[in-house]
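A.B. asks: Take this structure first; my questions come after.
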Amino acid sequence: MGSTETQMAAPEFRYIPLSYSHADSQASALRLILALNPDWEGPGNNIEFVRFTDGITNTLLKIINLKPGLTEEQIDNEAVLMRAYGNGTEVLIDRERETKSHALLASRGLAPPLLARFKNGLLYRFIRGKPCGHQDLVSPPIWRGVARRLAQWHAVLPSSGAASAKDASVAEIAASRDDEITVIKPRRAGPSMWAVLQKWVLALPVTTPEQRARRLSLQAELQWVLDILDDGKGIGEDGLVFSHCDLLYGIAPVNFIDYEYAVPAPAAFDISNHLAEWGGYDCDYNMMPTKSVRRQFLTEYTKSYCEQRGLDASSQAEIVDRLYEDVDRFRGIPGLYWGVWALIQAQISQIDFDYASYAEIRLGEYYAWKREADGSRKQAGEEMPLRESRWASEE
């Protein structure tokens with residue numbers, strides 16, 4: 001890694017030794033905001049809390065001070081977002097990495113300023129704009145903006161991302177467990193979406209024989225996809241770029257939010273993962289982008305990527321063609337990634353969401369892709385599933 005990347009250490013941020021309590025939401029959030037902004041206490045202040053409900057992992061509150069005489073814009077400019085981590089999510093997410101990734105992004109103007117950490121969350125500056133739902137993602141002005149901003153991430157950020165003291169090789173993780181899993185060996189050691197997925201598979205429950213058998217089966221799937229996809233041929237250093245890895249939605253004009261899953265990954269995974277989210281949590285496969293839309297998205301992405309990297313415009317067509325093939329190859333991997341994630345969430349989460357059913361739907365996407373990739377669906381004479389047929393559509 002070059003000297004520029006090794007010097008990208010994130011600065012230390014203020015730590016508030018308090019916690020947010022889901023059972024005592026408003027009072028605990030009030031203590032946190034007053035610790036951050038003591039001048040918000042007393043006469044002339046009017047603190048309100050706005051709960052956002054789009055996520056299915058964390059609690060997100062917008063905290064505003066409705067001081068008399070301020071415009072809505074002035075109030076929003078001083079507003080604070082409070083992200084409180086979901087129970088047990090440290091199994092899934094390296095919170096130190098999240099904080100350092102947020103700081104790295106903020107230093108490049110790609111994330112709002114991070115104000116403070118607390119025991120189970122973060123406080124950071126609010127971004128004005130309209131939240132984009134999955135229905136907005138299919139709008140050309142939005143997806144073109146997403147393509148340009150995602151290319152900026154991939155082009156300007158160090159591919160190693162932000163280092164965490166908790167980073168460990170999958171071999172080290174496996175060495176602490178007494179089981180029969182043979183861990184994968186990605187081309188590049190250290191943190192990556194491959195290593196994250198391996199850690200998740202290792203964290204799957206093994207209480208029953210059925211659970212143990214399923215974990216072994218999913219480990220075999222992980223090894224299979226690594227063998228065919230981890231070839232180092234994508235854009236970036238050794239085929240990896242610093243990726244968002246959870247690009248569900250954002251803020252229009254286009255800004256990305258939520259950096260807890262950000263890690264080095266193939267660009268094709270980050271792109272295909274975003275395109276998979278066009279169907280939303282309900283997995284409406286009629287919303288999947290067709291061939292022509294994907295090529296337009298990648299053309300916009302590549303133009304921005306080349307501008308950021310200072311690459312000659314004559315190379316754009318070649319990059320679009322390569323990315324188009326790579327995104328097509330990776331289209332089933334988000335289903336495996338989030339399917340394993342949801343199996344863990346089904347065991348630990350207290351949020352009212354049917355993670356178990358969601359896991360089966362997402363894993364079903366992966367297996368449908370695999371049956372196309374290995375030709376078994378055609379051999380069996382079965383009809384192509386909706387998601388695959390939509391993906392294969394020209395228009």
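By convention here, the chains of the structure tokens are called A, B, ... in the order presented, each chain's residues are numbered starting at 1, and ligands are numbered starting at 1 in the order presented.
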If we count only C-alpha atoms, what is near region 204-221 of chain A at a cut-off of 8 Å, once residues fewer than 2 positions away on the same chain are taken out, given as a PyMOL selection string?
C.D. replies: chain A and resi 181+198+200-202+223-225+340+343-344+347
A.B. asks: Leu150 (chain A): which residues within 9 Å, counting only C-alpha atoms, same-chain residues fewer than 6 positions away excluded, as a PyMOL selection string?
C.D. replies: chain A and resi 243-244+256+270-271+301+304-305
A.B. asks: Residues of the last selection are to be written out with N, CA, C and O atoms, as a PDB file, in the first residue's frame.
C.D. replies:
```
ATOM      1  N   SER A 243     -15.745   0.070  -0.516  1.00  0.00           N
ATOM      2  CA  SER A 243     -17.142  -0.029  -0.945  1.00  0.00           C
ATOM      3  C   SER A 243     -18.105   0.261   0.198  1.00  0.00           C
ATOM      4  O   SER A 243     -17.789   0.050   1.371  1.00  0.00           O
ATOM      5  N   HIS A 244     -19.286   0.711  -0.152  1.00  0.00           N
ATOM      6  CA  HIS A 244     -20.334   0.992   0.821  1.00  0.00           C
ATOM      7  C   HIS A 244     -20.944  -0.296   1.356  1.00  0.00           C
ATOM      8  O   HIS A 244     -21.153  -0.460   2.549  1.00  0.00           O
ATOM      9  N   PHE A 256     -24.691   9.565   0.310  1.00  0.00           N
ATOM     10  CA  PHE A 256     -24.858   8.248   0.917  1.00  0.00           C
ATOM     11  C   PHE A 256     -24.838   8.382   2.430  1.00  0.00           C
ATOM     12  O   PHE A 256     -24.158   9.233   2.992  1.00  0.00           O
ATOM     13  N   ASP A 270     -20.361  -4.127  -4.999  1.00  0.00           N
ATOM     14  CA  ASP A 270     -21.010  -2.919  -4.484  1.00  0.00           C
ATOM     15  C   ASP A 270     -22.111  -2.451  -5.428  1.00  0.00           C
ATOM     16  O   ASP A 270     -23.202  -2.056  -4.997  1.00  0.00           O
ATOM     17  N   ILE A 271     -21.833  -2.519  -6.722  1.00  0.00           N
ATOM     18  CA  ILE A 271     -22.824  -2.075  -7.717  1.00  0.00           C
ATOM     19  C   ILE A 271     -23.995  -3.046  -7.768  1.00  0.00           C
ATOM     20  O   ILE A 271     -25.170  -2.631  -7.725  1.00  0.00           O
ATOM     21  N   TYR A 301     -21.499   5.723 -14.299  1.00  0.00           N
ATOM     22  CA  TYR A 301     -20.503   5.388 -13.278  1.00  0.00           C
ATOM     23  C   TYR A 301     -19.080   5.516 -13.855  1.00  0.00           C
ATOM     24  O   TYR A 301     -18.206   6.135 -13.251  1.00  0.00           O
ATOM     25  N   SER A 304     -17.757   9.066 -14.489  1.00  0.00           N
ATOM     26  CA  SER A 304     -17.358   9.703 -13.239  1.00  0.00           C
ATOM     27  C   SER A 304     -16.060   9.099 -12.703  1.00  0.00           C
ATOM     28  O   SER A 304     -15.156   9.818 -12.258  1.00  0.00           O
ATOM     29  N   TYR A 305     -15.943   7.780 -12.772  1.00  0.00           N
ATOM     30  CA  TYR A 305     -14.742   7.090 -12.279  1.00  0.00           C
ATOM     31  C   TYR A 305     -13.499   7.564 -13.033  1.00  0.00           C
ATOM     32  O   TYR A 305     -12.467   7.871 -12.434  1.00  0.00           O
TER      33      TYR A 305
END
```
A.B. asks: Please provide the set of residues having any atom within 9 Å of region 351-354 of chain A, restricted to only C-alpha atoms, with same-chain residues fewer than 5 positions apart removed, written as a PyMOL selection string.
C.D. replies: chain A and resi 56-58+86-87+346+359
A.B. asks: Write a file of the just-selected residues containing N, CA, C and O atoms, as an mmCIF file, in the first residue's frame.
C.D. replies:
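Dumped everything to selection10.cif:
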```
data_model
loop_
_atom_site.group_PDB
_atom_site.id
_atom_site.type_symbol
_atom_site.label_atom_id
_atom_site.label_comp_id
_atom_site.auth_asym_id
_atom_site.auth_seq_id
_atom_site.Cartn_x
_atom_site.Cartn_y
_atom_site.Cartn_z
ATOM 1 N N ILE A 56 -33.477 -1.462 9.442
ATOM 2 C CA ILE A 56 -33.952 -2.638 10.168
ATOM 3 C C ILE A 56 -32.844 -3.197 11.053
ATOM 4 O O ILE A 56 -32.890 -4.352 11.455
ATOM 5 N N THR A 57 -31.865 -2.348 11.394
ATOM 6 C CA THR A 57 -30.788 -2.778 12.280
ATOM 7 C C THR A 57 -30.653 -1.858 13.484
ATOM 8 O O THR A 57 -30.545 -2.316 14.611
ATOM 9 N N ASN A 58 -30.680 -0.545 13.254
ATOM 10 C CA ASN A 58 -30.390 0.424 14.306
ATOM 11 C C ASN A 58 -31.579 1.338 14.571
ATOM 12 O O ASN A 58 -32.568 1.324 13.846
ATOM 13 N N GLY A 86 -28.269 -1.583 17.142
ATOM 14 C CA GLY A 86 -29.196 -2.637 17.508
ATOM 15 C C GLY A 86 -28.547 -3.637 18.458
ATOM 16 O O GLY A 86 -27.326 -3.822 18.459
ATOM 17 N N ASN A 87 -29.361 -4.286 19.265
ATOM 18 C CA ASN A 87 -28.854 -5.253 20.229
ATOM 19 C C ASN A 87 -28.133 -6.403 19.532
ATOM 20 O O ASN A 87 -28.653 -6.984 18.583
ATOM 21 N N ALA A 346 -32.053 -13.076 12.794
ATOM 22 C CA ALA A 346 -33.221 -13.811 13.287
ATOM 23 C C ALA A 346 -32.980 -14.350 14.693
ATOM 24 O O ALA A 346 -33.933 -14.573 15.454
ATOM 25 N N ALA A 359 -34.417 -13.998 5.158
ATOM 26 C CA ALA A 359 -33.225 -14.802 4.860
ATOM 27 C C ALA A 359 -33.503 -15.794 3.741
ATOM 28 O O ALA A 359 -32.691 -15.965 2.817
#
```
A.B. asks: My list of candidates is A:Asn273, A:Ser19, A:Ser101, A:Gln152. Which is closest to Gly332 (chain A) when distances are computed with only C-alpha atoms?
C.D. replies: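 Among the listed residues, the smallest separation from Gly332 (chain A) belongs to A:Asn273.
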A.B. asks: According to DSSP computed on the backbone, where in region 91-295 of chain A is there strand (DSSP E)? Give the residues as number ranges by chain.
C.D. replies: A: 114-118, 121-125, 130-131, 241-243, 250-252, 255-256, 263-265
A.B. asks: Any chance you can output those residues with N, CA and C atoms as a CSV table (one decimal), in the first residue's frame?
C.D. replies:
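Wrote it out as out38.csv, contents follow:
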```csv
chain,number,residue,atom,x,y,z
A,114,LEU,N,-18.6,13.9,11.9
A,114,LEU,CA,-18.9,13.0,13.0
A,114,LEU,C,-18.6,13.9,14.3
A,115,LEU,N,-19.6,13.9,15.1
A,115,LEU,CA,-19.5,14.8,16.3
A,115,LEU,C,-19.0,14.1,17.6
A,116,ALA,N,-19.5,12.9,17.8
A,116,ALA,CA,-19.1,12.2,19.0
A,116,ALA,C,-19.5,10.7,18.9
A,117,ARG,N,-18.8,9.9,19.7
A,117,ARG,CA,-19.2,8.5,20.0
A,117,ARG,C,-19.9,8.5,21.4
A,118,PHE,N,-20.8,7.5,21.6
A,118,PHE,CA,-21.2,7.2,22.9
A,118,PHE,C,-21.2,5.7,23.0
A,121,GLY,N,-23.4,4.0,20.2
A,121,GLY,CA,-23.8,4.7,19.0
A,121,GLY,C,-22.9,5.9,18.7
A,122,LEU,N,-23.4,6.6,17.7
A,122,LEU,CA,-22.7,7.8,17.2
A,122,LEU,C,-23.6,9.0,17.1
A,123,LEU,N,-23.0,10.2,17.2
A,123,LEU,CA,-23.7,11.4,16.9
A,123,LEU,C,-23.0,12.1,15.8
A,124,TYR,N,-23.8,12.6,14.8
A,124,TYR,CA,-23.2,13.3,13.6
A,124,TYR,C,-24.1,14.3,13.1
A,125,ARG,N,-23.6,15.1,12.2
A,125,ARG,CA,-24.4,16.2,11.6
A,125,ARG,C,-25.4,15.7,10.7
A,130,LYS,N,-34.1,15.1,0.7
A,130,LYS,CA,-35.2,14.2,0.7
A,130,LYS,C,-34.7,12.8,0.8
A,131,PRO,N,-35.1,12.0,1.8
A,131,PRO,CA,-34.7,10.6,1.8
A,131,PRO,C,-35.2,9.8,0.6
A,241,VAL,N,-12.0,-2.2,-4.2
A,241,VAL,CA,-12.2,-0.8,-3.9
A,241,VAL,C,-12.9,-0.6,-2.6
A,242,PHE,N,-12.7,0.5,-2.0
A,242,PHE,CA,-13.4,0.8,-0.7
A,242,PHE,C,-14.9,0.9,-1.0
A,243,SER,N,-15.7,0.1,-0.5
A,243,SER,CA,-17.1,0.0,-0.9
A,243,SER,C,-18.1,0.3,0.2
A,250,GLY,N,-30.5,6.8,0.0
A,250,GLY,CA,-29.7,7.9,0.5
A,250,GLY,C,-30.5,9.1,0.6
A,251,ILE,N,-29.8,10.2,0.3
A,251,ILE,CA,-30.5,11.5,0.4
A,251,ILE,C,-30.3,12.2,-0.9
A,252,ALA,N,-31.4,12.8,-1.4
A,252,ALA,CA,-31.4,13.5,-2.7
A,252,ALA,C,-31.4,15.0,-2.3
A,255,ASN,N,-26.5,11.9,-1.6
A,255,ASN,CA,-25.5,11.6,-0.6
A,255,ASN,C,-25.7,10.3,0.0
A,256,PHE,N,-24.7,9.6,0.3
A,256,PHE,CA,-24.9,8.2,0.9
A,256,PHE,C,-24.8,8.4,2.4
A,263,VAL,N,-16.4,-1.6,3.6
A,263,VAL,CA,-15.2,-2.4,3.6
A,263,VAL,C,-14.7,-2.6,2.2
A,264,PRO,N,-13.4,-3.0,2.0
A,264,PRO,CA,-13.0,-3.3,0.7
A,264,PRO,C,-13.7,-4.4,0.1
A,265,ALA,N,-14.1,-4.3,-1.2
A,265,ALA,CA,-14.9,-5.3,-1.9
A,265,ALA,C,-14.7,-5.1,-3.4
```
A.B. asks: Nearest to Trp194 (chain A) among A:Ala276, A:Leu323, A:Leu336, A:Met82, with distances taken over only C-alpha atoms: which residue is it?
C.D. replies: A:Leu336
A.B. asks: Using DSSP secondary structure from the backbone, list all helix (DSSP H, G or I) positions within region 84-171 of chain A, as an MDAnalysis selection string.
C.D. replies: chainID A and resid 89:91 95:107 134:137 140:156 170:171
A.B. asks: Would you output that residue set with N, CA, C and O atoms, as a short mmCIF file (atom, residue, chain, number, x, y, z; two decimals), in the first residue's frame?
C.D. replies:
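That gives us again_24.cif:
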```
data_model
loop_
_atom_site.label_atom_id
_atom_site.label_comp_id
_atom_site.auth_asym_id
_atom_site.auth_seq_id
_atom_site.Cartn_x
_atom_site.Cartn_y
_atom_site.Cartn_z
N THR A 89 -25.63 -6.47 17.57
CA THR A 89 -25.13 -6.30 16.20
C THR A 89 -23.61 -6.28 16.11
O THR A 89 -23.06 -6.29 15.02
N GLU A 90 -22.92 -6.26 17.27
CA GLU A 90 -21.46 -6.34 17.21
C GLU A 90 -21.00 -7.67 16.63
O GLU A 90 -19.85 -7.80 16.16
N VAL A 91 -21.89 -8.68 16.63
CA VAL A 91 -21.58 -9.94 15.97
C VAL A 91 -21.43 -9.73 14.46
O VAL A 91 -20.61 -10.37 13.80
N ARG A 95 -17.76 -2.02 14.97
CA ARG A 95 -18.15 -0.64 15.23
C ARG A 95 -16.95 0.31 15.21
O ARG A 95 -17.10 1.48 14.87
N GLU A 96 -15.77 -0.16 15.56
CA GLU A 96 -14.59 0.68 15.45
C GLU A 96 -14.32 1.00 13.98
O GLU A 96 -14.00 2.14 13.62
N ARG A 97 -14.46 0.00 13.12
CA ARG A 97 -14.27 0.23 11.69
C ARG A 97 -15.31 1.23 11.17
O ARG A 97 -14.99 2.11 10.36
N GLU A 98 -16.56 1.09 11.62
CA GLU A 98 -17.60 2.02 11.18
C GLU A 98 -17.22 3.46 11.51
O GLU A 98 -17.33 4.36 10.67
N THR A 99 -16.77 3.69 12.76
CA THR A 99 -16.42 5.04 13.18
C THR A 99 -15.27 5.59 12.33
O THR A 99 -15.30 6.73 11.86
N LYS A 100 -14.25 4.78 12.12
CA LYS A 100 -13.10 5.24 11.35
C LYS A 100 -13.45 5.42 9.88
O LYS A 100 -12.92 6.32 9.21
N SER A 101 -14.33 4.56 9.35
CA SER A 101 -14.77 4.74 7.97
C SER A 101 -15.53 6.05 7.82
O SER A 101 -15.33 6.80 6.84
N HIS A 102 -16.41 6.34 8.78
CA HIS A 102 -17.17 7.59 8.75
C HIS A 102 -16.21 8.78 8.77
O HIS A 102 -16.36 9.74 8.01
N ALA A 103 -15.19 8.71 9.64
CA ALA A 103 -14.23 9.80 9.73
C ALA A 103 -13.45 9.97 8.42
O ALA A 103 -13.21 11.09 7.97
N LEU A 104 -13.04 8.86 7.83
CA LEU A 104 -12.32 8.92 6.56
C LEU A 104 -13.19 9.55 5.48
O LEU A 104 -12.73 10.43 4.73
N LEU A 105 -14.44 9.14 5.40
CA LEU A 105 -15.35 9.70 4.40
C LEU A 105 -15.60 11.18 4.65
O LEU A 105 -15.63 11.98 3.70
N ALA A 106 -15.76 11.56 5.91
CA ALA A 106 -15.99 12.97 6.24
C ALA A 106 -14.78 13.82 5.84
O ALA A 106 -14.94 14.95 5.37
N SER A 107 -13.57 13.26 5.98
CA SER A 107 -12.37 14.01 5.61
C SER A 107 -12.30 14.26 4.11
O SER A 107 -11.60 15.18 3.67
N HIS A 134 -36.86 2.95 -2.02
CA HIS A 134 -36.47 2.12 -3.15
C HIS A 134 -37.22 2.49 -4.41
O HIS A 134 -36.73 2.29 -5.53
N GLN A 135 -38.43 3.08 -4.28
CA GLN A 135 -39.16 3.51 -5.47
C GLN A 135 -38.44 4.64 -6.19
O GLN A 135 -38.55 4.79 -7.41
N ASP A 136 -37.69 5.46 -5.42
CA ASP A 136 -36.95 6.58 -6.02
C ASP A 136 -35.72 6.10 -6.78
O ASP A 136 -35.25 6.78 -7.69
N LEU A 137 -35.19 4.94 -6.38
CA LEU A 137 -33.93 4.48 -6.95
C LEU A 137 -34.02 4.21 -8.45
O LEU A 137 -33.02 4.27 -9.15
N PRO A 140 -34.34 7.90 -13.20
CA PRO A 140 -33.04 8.21 -13.83
C PRO A 140 -32.25 9.32 -13.15
O PRO A 140 -31.03 9.17 -12.97
N PRO A 141 -32.87 10.45 -12.74
CA PRO A 141 -32.05 11.47 -12.08
C PRO A 141 -31.40 10.96 -10.79
O PRO A 141 -30.28 11.36 -10.47
N ILE A 142 -32.08 10.06 -10.09
CA ILE A 142 -31.52 9.53 -8.84
C ILE A 142 -30.43 8.50 -9.14
O ILE A 142 -29.32 8.58 -8.60
N TRP A 143 -30.73 7.51 -10.02
CA TRP A 143 -29.71 6.48 -10.23
C TRP A 143 -28.47 7.01 -10.94
O TRP A 143 -27.37 6.51 -10.74
N ARG A 144 -28.66 8.05 -11.75
CA ARG A 144 -27.47 8.65 -12.36
C ARG A 144 -26.61 9.33 -11.28
O ARG A 144 -25.36 9.25 -11.31
N GLY A 145 -27.27 9.99 -10.32
CA GLY A 145 -26.53 10.60 -9.22
C GLY A 145 -25.85 9.56 -8.35
O GLY A 145 -24.71 9.76 -7.90
N VAL A 146 -26.53 8.45 -8.10
CA VAL A 146 -25.93 7.35 -7.33
C VAL A 146 -24.71 6.80 -8.05
O VAL A 146 -23.66 6.56 -7.44
N ALA A 147 -24.84 6.59 -9.35
CA ALA A 147 -23.72 6.06 -10.13
C ALA A 147 -22.50 6.97 -10.05
O ALA A 147 -21.37 6.50 -9.85
N ARG A 148 -22.73 8.26 -10.17
CA ARG A 148 -21.61 9.21 -10.12
C ARG A 148 -20.97 9.23 -8.74
O ARG A 148 -19.74 9.23 -8.61
N ARG A 149 -21.79 9.25 -7.68
CA ARG A 149 -21.24 9.31 -6.32
C ARG A 149 -20.54 8.00 -5.94
O ARG A 149 -19.49 8.01 -5.30
N LEU A 150 -21.09 6.88 -6.35
CA LEU A 150 -20.46 5.60 -6.04
C LEU A 150 -19.10 5.49 -6.74
O LEU A 150 -18.13 4.99 -6.17
N ALA A 151 -19.03 5.98 -7.97
CA ALA A 151 -17.75 5.99 -8.69
C ALA A 151 -16.73 6.85 -7.96
O ALA A 151 -15.54 6.53 -7.92
N GLN A 152 -17.20 7.95 -7.38
CA GLN A 152 -16.29 8.82 -6.61
C GLN A 152 -15.72 8.06 -5.42
O GLN A 152 -14.53 8.13 -5.14
N TRP A 153 -16.57 7.35 -4.69
CA TRP A 153 -16.10 6.51 -3.59
C TRP A 153 -14.99 5.57 -4.08
O TRP A 153 -13.92 5.49 -3.50
N HIS A 154 -15.31 4.83 -5.13
CA HIS A 154 -14.40 3.79 -5.60
C HIS A 154 -13.10 4.37 -6.16
O HIS A 154 -12.06 3.70 -6.13
N ALA A 155 -13.17 5.59 -6.67
CA ALA A 155 -12.00 6.17 -7.34
C ALA A 155 -11.05 6.87 -6.38
O ALA A 155 -9.83 6.80 -6.55
N VAL A 156 -11.58 7.57 -5.37
CA VAL A 156 -10.72 8.46 -4.58
C VAL A 156 -10.35 7.91 -3.21
O VAL A 156 -9.37 8.35 -2.60
N VAL A 170 -9.49 -14.30 8.64
CA VAL A 170 -10.50 -15.33 8.90
C VAL A 170 -9.86 -16.55 9.54
O VAL A 170 -10.51 -17.27 10.31
N ALA A 171 -8.59 -16.78 9.27
CA ALA A 171 -7.90 -17.92 9.88
C ALA A 171 -7.81 -17.73 11.40
O ALA A 171 -8.00 -18.67 12.18
#
```
A.B. asks: Calculate how many Å separate CA of Asn45 (chain A) from CA of Arg31 (chain A), rounding to one decimal.
C.D. replies: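 Distance reported for this atom pair: 14.6 Å.
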